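Reproduced below: input_21.cif, with mmCIF, C-alpha atoms.
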```cif
data_structure
#
loop_
_atom_site.label_atom_id
_atom_site.label_comp_id
_atom_site.auth_asym_id
_atom_site.auth_seq_id
_atom_site.Cartn_x
_atom_site.Cartn_y
_atom_site.Cartn_z
CA LYS A 1 -2.06 141.49 -110.40
CA SER A 2 -5.13 139.69 -109.06
CA LYS A 3 -5.01 135.96 -108.56
CA ARG A 4 -7.75 133.89 -110.12
CA ARG A 5 -9.45 131.51 -107.71
CA VAL A 6 -9.08 127.85 -108.59
CA ASP A 7 -11.43 125.23 -107.18
CA ILE A 8 -10.31 121.63 -107.51
CA ASP A 9 -12.37 118.44 -107.26
CA LEU A 10 -10.22 115.35 -106.74
CA MET A 11 -11.62 111.87 -107.19
CA ASP A 12 -9.84 108.54 -106.95
CA ILE A 13 -10.54 105.06 -105.64
CA SER A 14 -7.31 105.24 -103.62
CA LYS A 15 -7.65 107.00 -100.26
CA ASP A 16 -3.86 107.52 -100.16
CA ALA A 17 -3.81 109.11 -103.63
CA VAL A 18 -6.64 111.50 -102.73
CA GLN A 19 -5.00 112.41 -99.43
CA PHE A 20 -1.63 113.08 -101.10
CA ALA A 21 -3.16 115.20 -103.88
CA THR A 22 -5.35 117.11 -101.42
CA GLN A 23 -2.39 118.00 -99.22
CA ASN A 24 -0.43 119.28 -102.21
CA SER A 25 -3.34 121.25 -103.66
CA GLN A 26 -4.67 122.83 -100.46
CA LYS A 27 -1.64 125.06 -100.18
CA SER A 28 -3.07 127.47 -102.72
CA HIS A 29 -6.50 126.24 -103.83
CA GLN A 30 -9.94 125.24 -102.56
CA VAL A 31 -10.09 121.44 -102.75
CA ASN A 32 -13.07 119.07 -102.67
CA SER A 33 -11.89 115.47 -102.22
CA HIS A 34 -13.81 112.30 -103.06
CA VAL A 35 -12.64 108.73 -102.48
CA GLN A 36 -14.71 106.62 -104.85
CA ASP A 37 -14.60 104.42 -107.93
CA VAL A 38 -15.78 106.72 -110.69
CA LEU A 39 -16.72 103.82 -112.94
CA GLU A 40 -19.12 102.56 -110.30
CA ASP A 41 -20.27 105.82 -108.72
CA TRP A 42 -20.76 109.10 -110.60
CA SER A 43 -22.70 110.57 -107.69
CA LEU A 44 -21.00 113.95 -107.81
CA PRO A 45 -23.39 116.75 -108.69
CA GLU A 46 -23.80 117.19 -112.42
CA LYS A 47 -21.60 120.24 -112.59
CA ALA A 48 -19.33 121.43 -115.36
CA PHE A 49 -15.60 122.03 -115.11
CA ASP A 50 -13.14 124.08 -117.16
CA VAL A 51 -10.74 121.14 -117.23
CA VAL A 52 -11.28 117.43 -116.60
CA ILE A 53 -8.27 115.15 -116.32
CA ALA A 54 -9.01 111.45 -116.53
CA ASP A 55 -6.03 109.25 -115.70
CA PRO A 56 -7.34 105.68 -115.63
CA PRO A 57 -5.40 102.60 -114.61
CA ALA A 58 -4.42 100.08 -117.26
CA PHE A 59 -7.73 98.36 -117.97
CA VAL A 60 -6.26 96.18 -120.72
CA LYS A 61 -3.32 94.13 -119.52
CA SER A 62 -3.84 91.22 -121.91
CA ALA A 63 -5.94 90.28 -124.93
CA LYS A 64 -8.60 88.70 -122.72
CA ASP A 65 -9.24 92.12 -121.10
CA LEU A 66 -9.74 93.95 -124.39
CA ASP A 67 -13.56 94.07 -124.58
CA ARG A 68 -14.10 94.90 -120.93
CA GLY A 69 -11.20 97.39 -120.87
CA LEU A 70 -12.34 99.17 -124.02
CA SER A 71 -15.82 99.51 -122.52
CA ALA A 72 -14.36 101.02 -119.34
CA TYR A 73 -12.21 103.52 -121.29
CA ILE A 74 -15.21 104.58 -123.39
CA ARG A 75 -17.42 105.01 -120.33
CA LEU A 76 -14.79 107.02 -118.42
CA ASN A 77 -14.12 109.31 -121.37
CA THR A 78 -17.82 109.78 -122.12
CA GLU A 79 -18.59 110.72 -118.51
CA SER A 80 -15.55 113.02 -118.38
CA ILE A 81 -16.47 114.83 -121.59
CA LYS A 82 -20.01 115.41 -120.31
CA ARG A 83 -18.54 117.33 -117.38
CA VAL A 84 -16.47 119.80 -119.44
CA LYS A 85 -18.00 123.26 -119.82
CA PRO A 86 -19.08 124.12 -123.36
CA GLY A 87 -16.53 126.08 -125.36
#
```
Turn the structure described in the file into structure tokens.
Amino acid sequence: KSKRRVDIDLMDISKDAVQFATQNSQKSHQVNSHVQDVLEDWSLPEKAFDVVIADPPAFVKSAKDLDRGLSAYIRLNTESIKRVKPG
């Protein structure tokens, strides 16, 4: 049975989170790691992925954060969806 190659791009604002995920993933996959704030910097090449997992922090912790948090969630999801391959 042939193994399918899996390439992984990891992106997080936390250097420790990226390092931890990279170490766990490199055991069996090709990993490209990026430490950056995706809401501020979408400088990755405009490439498409089979799967995009967006796991944002809690942007809305109280009612005063609602407008700004909702805007951040919408932006993150919009940018994530644009990077999913058609179909």
By how many Å are atom CA of A:Arg75 and atom CA of A:Ser25 apart?
-> 27.2 Å
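Coordinates place atom CA of A:Ser28 at a distance of 20.5 Å from atom CA of A:Asp12.
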To verify the selection step, state as a PyMOL selection string which residues the PyMOL selection byres ((chain A and resi 30) around 6) yields on this input.
-> chain A and resi 7+29+31
Protein and nucleic acid residues near (-11.6, 102.4, -107.3) (cut-off 9 Å, all atoms listed in the file) as a VMD selection string = chain A and resid 12 to 14 35 to 40
Residues picked by the PyMOL selection byres ((chain A and resi 48-54) around 8) here, as a VMD selection string?
-> chain A and resid 46 to 47 55 to 56 76 to 77 80 to 85
In file coordinates, which residues lie within 9 Å of (-12.5, 119.8, -106.8) using only C-alpha atoms, given as a ChimeraX atom specification?
-> /A:6-11,30-34
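Between atom CA of A:Val60 and atom CA of A:Asp41 the interatomic distance comes to 20.8 Å.
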